[in-house]
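A.B. asks: A single structure is presented below for examination.
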Amino acid sequence: MDLRREPEYIEEMRPLLSAEAAAEAPAAGVDAADLEQAVWVRLLEQGPPGPCPAGRARWLRRAVRAEARLARRRARREVPYGAAPADTADEPEDALLHGEQNRALRSAVARLPGRCPELIAALLSPRDLTYREIAGELGISQGSLGPVRSRCLGCLRRMLGGEVAAPGPWGKER
């Protein structure tokens with residue numbers, strides 16, 4: 001066996017991986033080549049995805065989407081070197097206003113009816129939960145999570161009516 005030769009499935013997966021990474025990279029805010037590399041590393045860590053070409057293609061699409069999700073989460077949490085953290089304010093007035101806004105928001109969320117406070121807290125959780133995880137935590141179906149979220153945010157919007165800008169034409173914020 002020649003160790004320098006790649007298995008056949010790698011050559012088979014290369015064009016699909018390239019296309020999938022190019023499609024997912026802009027939304028993830030990363031370079032397509034970086035996304036491809038992350039998927040190749042995942043392949044090395046997990047081993048061959050299976051004998052069936054359709055199964056390998058399915059594995060590849062899932063791996064690309066998972067790596068894109070990880071890249072988006074990483075981008076939200078990372079702070080460029082030399083940049084000040086977002087939560088530090090330059091002026092005492094800014095810190096005071098930011099604190100008042102947070103208190104008003106927490107107070108309004110606590111006054112929401114039903115499961116809304118739990119749902120909003122789960123959506124704003126620093127753990128960055130998926131819909132499936134939130135549905136599991138709250139004990140509701142994943143399909144009903146979107147409509148419930150929409151109703152809760154509508155209630156919150158009405159409660160904070162004076163402080164939140166009204167949407168402009170066609171749903172655009174002003």
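To be explicit about the labels: the chains of the structure tokens are called A, B, and onward in the order shown, and within each one the residues are counted from 1, while ligands get numbers from 1 in the order they are shown.
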A:Asp34: which residues within 12 Å, counting only C-alpha atoms, same-chain residues fewer than 3 positions away excluded, as a VMD selection string?
C.D. replies: chain A and resid 17 to 18 21 to 22 24 to 26 28 to 31 37 to 41 64 67 to 68 71
A.B. asks: Please save N, CA and C atoms of the selected residues as a PDB file, in the first residue's frame.
C.D. replies:
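The resulting file, part.pdb, is shown below:
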```pdb
ATOM      1  N   LEU A  17     -16.804  19.391  -1.812  1.00  0.00           N
ATOM      2  CA  LEU A  17     -16.379  20.179  -0.655  1.00  0.00           C
ATOM      3  C   LEU A  17     -16.071  21.609  -1.073  1.00  0.00           C
ATOM      4  N   SER A  18     -15.397  21.756  -2.193  1.00  0.00           N
ATOM      5  CA  SER A  18     -15.060  23.095  -2.670  1.00  0.00           C
ATOM      6  C   SER A  18     -16.326  23.914  -2.937  1.00  0.00           C
ATOM      7  N   ALA A  21     -18.208  24.636   0.475  1.00  0.00           N
ATOM      8  CA  ALA A  21     -17.491  25.650   1.258  1.00  0.00           C
ATOM      9  C   ALA A  21     -17.653  27.027   0.637  1.00  0.00           C
ATOM     10  N   ALA A  22     -17.599  27.109  -0.688  1.00  0.00           N
ATOM     11  CA  ALA A  22     -17.778  28.406  -1.361  1.00  0.00           C
ATOM     12  C   ALA A  22     -19.182  28.952  -1.122  1.00  0.00           C
ATOM     13  N   GLU A  24     -21.158  28.282   1.621  1.00  0.00           N
ATOM     14  CA  GLU A  24     -21.390  28.585   3.039  1.00  0.00           C
ATOM     15  C   GLU A  24     -20.463  29.673   3.588  1.00  0.00           C
ATOM     16  N   ALA A  25     -19.303  29.868   2.981  1.00  0.00           N
ATOM     17  CA  ALA A  25     -18.296  30.783   3.533  1.00  0.00           C
ATOM     18  C   ALA A  25     -18.771  32.223   3.671  1.00  0.00           C
ATOM     19  N   PRO A  26     -19.443  32.823   2.672  1.00  0.00           N
ATOM     20  CA  PRO A  26     -19.852  34.226   2.850  1.00  0.00           C
ATOM     21  C   PRO A  26     -20.774  34.439   4.043  1.00  0.00           C
ATOM     22  N   ALA A  28     -20.866  32.673   6.717  1.00  0.00           N
ATOM     23  CA  ALA A  28     -20.121  32.431   7.949  1.00  0.00           C
ATOM     24  C   ALA A  28     -19.080  33.519   8.203  1.00  0.00           C
ATOM     25  N   GLY A  29     -18.777  34.325   7.192  1.00  0.00           N
ATOM     26  CA  GLY A  29     -17.791  35.387   7.356  1.00  0.00           C
ATOM     27  C   GLY A  29     -16.369  34.868   7.384  1.00  0.00           C
ATOM     28  N   VAL A  30     -16.123  33.742   6.720  1.00  0.00           N
ATOM     29  CA  VAL A  30     -14.775  33.181   6.666  1.00  0.00           C
ATOM     30  C   VAL A  30     -14.406  32.932   5.214  1.00  0.00           C
ATOM     31  N   ASP A  31     -13.143  32.655   4.998  1.00  0.00           N
ATOM     32  CA  ASP A  31     -12.653  32.320   3.675  1.00  0.00           C
ATOM     33  C   ASP A  31     -13.047  30.878   3.349  1.00  0.00           C
ATOM     34  N   GLN A  37     -10.469  23.593   4.812  1.00  0.00           N
ATOM     35  CA  GLN A  37      -9.421  23.025   5.647  1.00  0.00           C
ATOM     36  C   GLN A  37      -9.999  22.475   6.952  1.00  0.00           C
ATOM     37  N   ALA A  38     -10.926  23.190   7.543  1.00  0.00           N
ATOM     38  CA  ALA A  38     -11.549  22.722   8.783  1.00  0.00           C
ATOM     39  C   ALA A  38     -12.299  21.410   8.557  1.00  0.00           C
ATOM     40  N   VAL A  39     -12.946  21.274   7.403  1.00  0.00           N
ATOM     41  CA  VAL A  39     -13.669  20.031   7.107  1.00  0.00           C
ATOM     42  C   VAL A  39     -12.692  18.891   6.869  1.00  0.00           C
ATOM     43  N   TRP A  40     -11.557  19.160   6.189  1.00  0.00           N
ATOM     44  CA  TRP A  40     -10.558  18.102   5.995  1.00  0.00           C
ATOM     45  C   TRP A  40     -10.009  17.643   7.343  1.00  0.00           C
ATOM     46  N   VAL A  41      -9.784  18.577   8.258  1.00  0.00           N
ATOM     47  CA  VAL A  41      -9.304  18.197   9.594  1.00  0.00           C
ATOM     48  C   VAL A  41     -10.354  17.342  10.296  1.00  0.00           C
ATOM     49  N   VAL A  64     -19.646  20.682   6.550  1.00  0.00           N
ATOM     50  CA  VAL A  64     -19.428  22.068   6.112  1.00  0.00           C
ATOM     51  C   VAL A  64     -20.341  23.009   6.897  1.00  0.00           C
ATOM     52  N   GLU A  67     -19.095  23.321  10.520  1.00  0.00           N
ATOM     53  CA  GLU A  67     -17.898  24.173  10.615  1.00  0.00           C
ATOM     54  C   GLU A  67     -18.247  25.642  10.371  1.00  0.00           C
ATOM     55  N   ALA A  68     -19.207  25.908   9.487  1.00  0.00           N
ATOM     56  CA  ALA A  68     -19.643  27.290   9.257  1.00  0.00           C
ATOM     57  C   ALA A  68     -20.304  27.853  10.509  1.00  0.00           C
ATOM     58  N   ALA A  71     -17.641  28.697  12.935  1.00  0.00           N
ATOM     59  CA  ALA A  71     -16.938  29.920  12.531  1.00  0.00           C
ATOM     60  C   ALA A  71     -17.753  31.154  12.893  1.00  0.00           C
TER      61      ALA A  71
END
```
A.B. asks: So that I can see what lies close to A:Cys152, please list as a PyMOL selection string the residues with an atom at most 8 Å from it, counting only C-alpha atoms and leaving out residues fewer than 6 positions away in the same chain.
C.D. replies: chain A and resi 112+116+120
A.B. asks: Those selected residues, please, written with N, CA and C atoms and delivered as a compact mmCIF listing (two decimals), in the first residue's frame.
C.D. replies:
```txt
# COMPACT_ATOMS: atom_id res chain seq x y z
N LEU A 112 -42.99 39.55 30.94
CA LEU A 112 -43.64 38.87 29.81
C LEU A 112 -44.52 37.72 30.30
N CYS A 116 -42.51 33.07 27.94
CA CYS A 116 -41.68 34.06 27.25
C CYS A 116 -40.39 34.41 28.01
N ILE A 120 -36.88 33.87 26.04
CA ILE A 120 -36.00 35.00 25.73
C ILE A 120 -34.65 34.81 26.42
```
A.B. asks: Show me, as a PyMOL selection string, the residues that have an atom within 8 Å of stretch 139-150 of chain A when counting only C-alpha atoms, minus same-chain residues fewer than 3 positions from it.
C.D. replies: chain A and resi 116+119-120+131-132+135-136+153-154
A.B. asks: Write a file of the just-selected residues containing N, CA, C and O atoms, as a compact mmCIF listing (two decimals), in the first residue's frame.
C.D. replies:
```txt
# COMPACT_ATOMS: atom_id res chain seq x y z
N CYS A 116 -42.51 33.07 27.94
CA CYS A 116 -41.68 34.06 27.25
C CYS A 116 -40.39 34.41 28.01
O CYS A 116 -39.33 34.48 27.38
N LEU A 119 -37.95 31.61 27.41
CA LEU A 119 -37.55 31.54 26.02
C LEU A 119 -36.58 32.65 25.66
O LEU A 119 -35.53 32.39 25.05
N ILE A 120 -36.88 33.87 26.04
CA ILE A 120 -36.00 35.00 25.73
C ILE A 120 -34.65 34.81 26.42
O ILE A 120 -33.60 35.06 25.83
N TYR A 131 -31.94 25.89 18.18
CA TYR A 131 -33.38 25.74 18.41
C TYR A 131 -33.68 24.39 19.04
O TYR A 131 -34.55 24.28 19.90
N ARG A 132 -33.00 23.35 18.60
CA ARG A 132 -33.23 22.01 19.14
C ARG A 132 -32.92 21.98 20.64
O ARG A 132 -33.67 21.42 21.44
N ALA A 135 -35.58 24.03 22.56
CA ALA A 135 -36.83 23.27 22.63
C ALA A 135 -36.73 22.17 23.67
O ALA A 135 -37.67 21.92 24.43
N GLY A 136 -35.58 21.50 23.73
CA GLY A 136 -35.38 20.45 24.73
C GLY A 136 -35.40 21.00 26.14
O GLY A 136 -35.98 20.40 27.05
N LEU A 153 -41.48 38.14 21.22
CA LEU A 153 -40.81 39.36 20.80
C LEU A 153 -41.81 40.46 20.47
O LEU A 153 -41.55 41.65 20.70
N GLY A 154 -42.99 40.08 19.96
CA GLY A 154 -44.05 41.07 19.73
C GLY A 154 -44.51 41.70 21.03
O GLY A 154 -44.70 42.91 21.11
```
A.B. asks: Rank nothing, just name the residue among A:Glu100, A:Glu45, A:Glu20, A:Ala122 nearest to A:Arg62, using only C-alpha atoms.
C.D. replies: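 Looking only at the distances to A:Arg62, the closest residue turns out to be A:Glu20.
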A.B. asks: Any chance you could list, as a PyMOL selection string, the residues in chain A that come up helix (DSSP H, G or I) when DSSP is run on the backbone?
C.D. replies: chain A and resi 8-28+32-46+53-77+92-110+116-123+131-138+142-159+169-171
A.B. asks: If we count only C-alpha atoms, what is near A:Pro117 at a cut-off of 12 Å, once residues fewer than 5 positions away on the same chain are taken out, given as an NGL selection string?
C.D. replies: :A and (105-112 or 122-125 or 138 or 148-149 or 151-153 or 155-156)
A.B. asks: Output all heavy atoms of each residue in that selection to a file, as a compact mmCIF listing (two decimals), in the first residue's frame.
C.D. replies:
```txt
# COMPACT_ATOMS: atom_id res chain seq x y z
N LEU A 105 -34.60 46.37 29.92
CA LEU A 105 -34.85 45.17 29.13
C LEU A 105 -35.11 43.96 30.02
O LEU A 105 -36.07 43.21 29.82
CB LEU A 105 -33.67 44.90 28.19
CG LEU A 105 -33.80 43.67 27.30
CD1 LEU A 105 -34.99 43.81 26.37
CD2 LEU A 105 -32.53 43.47 26.51
N ARG A 106 -34.26 43.77 31.04
CA ARG A 106 -34.47 42.64 31.96
C ARG A 106 -35.80 42.75 32.68
O ARG A 106 -36.50 41.76 32.87
CB ARG A 106 -33.32 42.58 32.98
CG ARG A 106 -32.07 41.92 32.44
CD ARG A 106 -31.10 41.59 33.55
NE ARG A 106 -30.72 42.73 34.35
CZ ARG A 106 -29.68 43.52 34.10
NH1 ARG A 106 -28.91 43.29 33.08
NH2 ARG A 106 -29.40 44.54 34.88
N SER A 107 -36.19 43.96 33.07
CA SER A 107 -37.46 44.16 33.75
C SER A 107 -38.63 43.82 32.82
O SER A 107 -39.59 43.16 33.23
CB SER A 107 -37.56 45.61 34.22
OG SER A 107 -38.84 45.89 34.68
N ALA A 108 -38.55 44.27 31.56
CA ALA A 108 -39.62 43.98 30.60
C ALA A 108 -39.70 42.49 30.31
O ALA A 108 -40.80 41.93 30.21
CB ALA A 108 -39.39 44.78 29.32
N VAL A 109 -38.55 41.82 30.16
CA VAL A 109 -38.55 40.38 29.90
C VAL A 109 -39.18 39.64 31.07
O VAL A 109 -39.94 38.69 30.87
CB VAL A 109 -37.11 39.88 29.61
CG1 VAL A 109 -37.05 38.36 29.64
CG2 VAL A 109 -36.63 40.39 28.26
N ALA A 110 -38.89 40.07 32.29
CA ALA A 110 -39.46 39.40 33.48
C ALA A 110 -40.98 39.55 33.54
O ALA A 110 -41.66 38.69 34.11
CB ALA A 110 -38.82 39.96 34.75
N ARG A 111 -41.52 40.63 32.98
CA ARG A 111 -42.97 40.86 33.00
C ARG A 111 -43.71 40.17 31.86
O ARG A 111 -44.94 40.20 31.81
CB ARG A 111 -43.26 42.37 32.94
CG ARG A 111 -42.83 43.13 34.17
CD ARG A 111 -43.34 44.57 34.16
NE ARG A 111 -43.25 45.24 32.88
CZ ARG A 111 -42.29 46.10 32.52
NH1 ARG A 111 -41.33 46.40 33.37
NH2 ARG A 111 -42.31 46.68 31.34
N LEU A 112 -42.99 39.55 30.94
CA LEU A 112 -43.64 38.87 29.81
C LEU A 112 -44.52 37.72 30.30
O LEU A 112 -44.21 37.10 31.31
CB LEU A 112 -42.60 38.34 28.83
CG LEU A 112 -41.90 39.39 27.97
CD1 LEU A 112 -40.74 38.77 27.22
CD2 LEU A 112 -42.87 40.04 27.00
N ALA A 122 -33.24 31.97 27.12
CA ALA A 122 -32.52 30.92 26.38
C ALA A 122 -31.97 31.46 25.07
O ALA A 122 -30.85 31.11 24.67
CB ALA A 122 -33.45 29.74 26.13
N LEU A 123 -32.73 32.31 24.39
CA LEU A 123 -32.26 32.89 23.13
C LEU A 123 -31.06 33.81 23.36
O LEU A 123 -30.17 33.90 22.50
CB LEU A 123 -33.39 33.66 22.45
CG LEU A 123 -34.51 32.83 21.85
CD1 LEU A 123 -35.66 33.73 21.43
CD2 LEU A 123 -34.01 32.02 20.67
N LEU A 124 -31.05 34.52 24.47
CA LEU A 124 -29.96 35.45 24.77
C LEU A 124 -28.82 34.80 25.55
O LEU A 124 -27.87 35.48 25.93
CB LEU A 124 -30.50 36.65 25.56
CG LEU A 124 -31.53 37.51 24.84
CD1 LEU A 124 -32.07 38.58 25.76
CD2 LEU A 124 -30.94 38.12 23.59
N SER A 125 -28.91 33.51 25.78
CA SER A 125 -27.91 32.80 26.56
C SER A 125 -26.52 32.89 25.92
O SER A 125 -26.39 32.77 24.70
CB SER A 125 -28.31 31.32 26.68
OG SER A 125 -27.26 30.57 27.21
N LEU A 138 -36.89 23.74 27.22
CA LEU A 138 -38.21 24.26 27.58
C LEU A 138 -39.30 23.21 27.51
O LEU A 138 -40.43 23.46 27.95
CB LEU A 138 -38.57 25.45 26.68
CG LEU A 138 -37.64 26.66 26.76
CD1 LEU A 138 -38.09 27.73 25.79
CD2 LEU A 138 -37.58 27.21 28.17
N VAL A 148 -43.71 30.86 18.85
CA VAL A 148 -43.70 31.33 20.24
C VAL A 148 -42.72 32.48 20.39
O VAL A 148 -43.00 33.50 21.02
CB VAL A 148 -43.36 30.18 21.22
CG1 VAL A 148 -43.16 30.70 22.63
CG2 VAL A 148 -44.46 29.13 21.20
N ARG A 149 -41.54 32.32 19.77
CA ARG A 149 -40.52 33.38 19.81
C ARG A 149 -41.08 34.66 19.20
O ARG A 149 -40.92 35.75 19.75
CB ARG A 149 -39.28 32.94 19.05
CG ARG A 149 -38.21 34.02 18.96
CD ARG A 149 -37.11 33.61 18.00
NE ARG A 149 -37.64 33.45 16.66
CZ ARG A 149 -37.57 34.39 15.71
NH1 ARG A 149 -36.99 35.52 15.96
NH2 ARG A 149 -38.07 34.17 14.52
N ARG A 151 -44.23 35.62 18.97
CA ARG A 151 -45.22 36.22 19.87
C ARG A 151 -44.54 36.90 21.05
O ARG A 151 -44.92 38.00 21.45
CB ARG A 151 -46.20 35.16 20.36
CG ARG A 151 -47.24 34.79 19.33
CD ARG A 151 -48.36 33.97 19.92
NE ARG A 151 -47.91 32.71 20.49
CZ ARG A 151 -47.82 31.56 19.82
NH1 ARG A 151 -48.14 31.53 18.54
NH2 ARG A 151 -47.40 30.47 20.41
N CYS A 152 -43.53 36.25 21.60
CA CYS A 152 -42.83 36.83 22.76
C CYS A 152 -42.14 38.13 22.38
O CYS A 152 -42.19 39.11 23.12
CB CYS A 152 -41.81 35.84 23.31
SG CYS A 152 -42.55 34.39 24.08
N LEU A 153 -41.48 38.14 21.22
CA LEU A 153 -40.81 39.36 20.80
C LEU A 153 -41.81 40.46 20.47
O LEU A 153 -41.55 41.65 20.70
CB LEU A 153 -39.90 39.08 19.59
CG LEU A 153 -38.67 38.24 19.89
CD1 LEU A 153 -37.91 37.93 18.61
CD2 LEU A 153 -37.75 38.92 20.90
N CYS A 155 -44.70 40.85 22.05
CA CYS A 155 -45.09 41.38 23.38
C CYS A 155 -44.02 42.31 23.91
O CYS A 155 -44.32 43.39 24.42
CB CYS A 155 -45.30 40.23 24.36
SG CYS A 155 -46.79 39.31 24.12
N LEU A 156 -42.77 41.89 23.80
CA LEU A 156 -41.66 42.70 24.29
C LEU A 156 -41.59 44.02 23.53
O LEU A 156 -41.38 45.08 24.14
CB LEU A 156 -40.34 41.92 24.14
CG LEU A 156 -39.10 42.53 24.75
CD1 LEU A 156 -39.28 42.71 26.26
CD2 LEU A 156 -37.89 41.68 24.46
```
A.B. asks: Identify which of the residues A:Ile134, A:Ala95, A:Leu16, A:Leu129 lies closest to A:Pro53, counting only C-alpha atoms when measuring atom-to-atom distances.
C.D. replies: A:Leu16
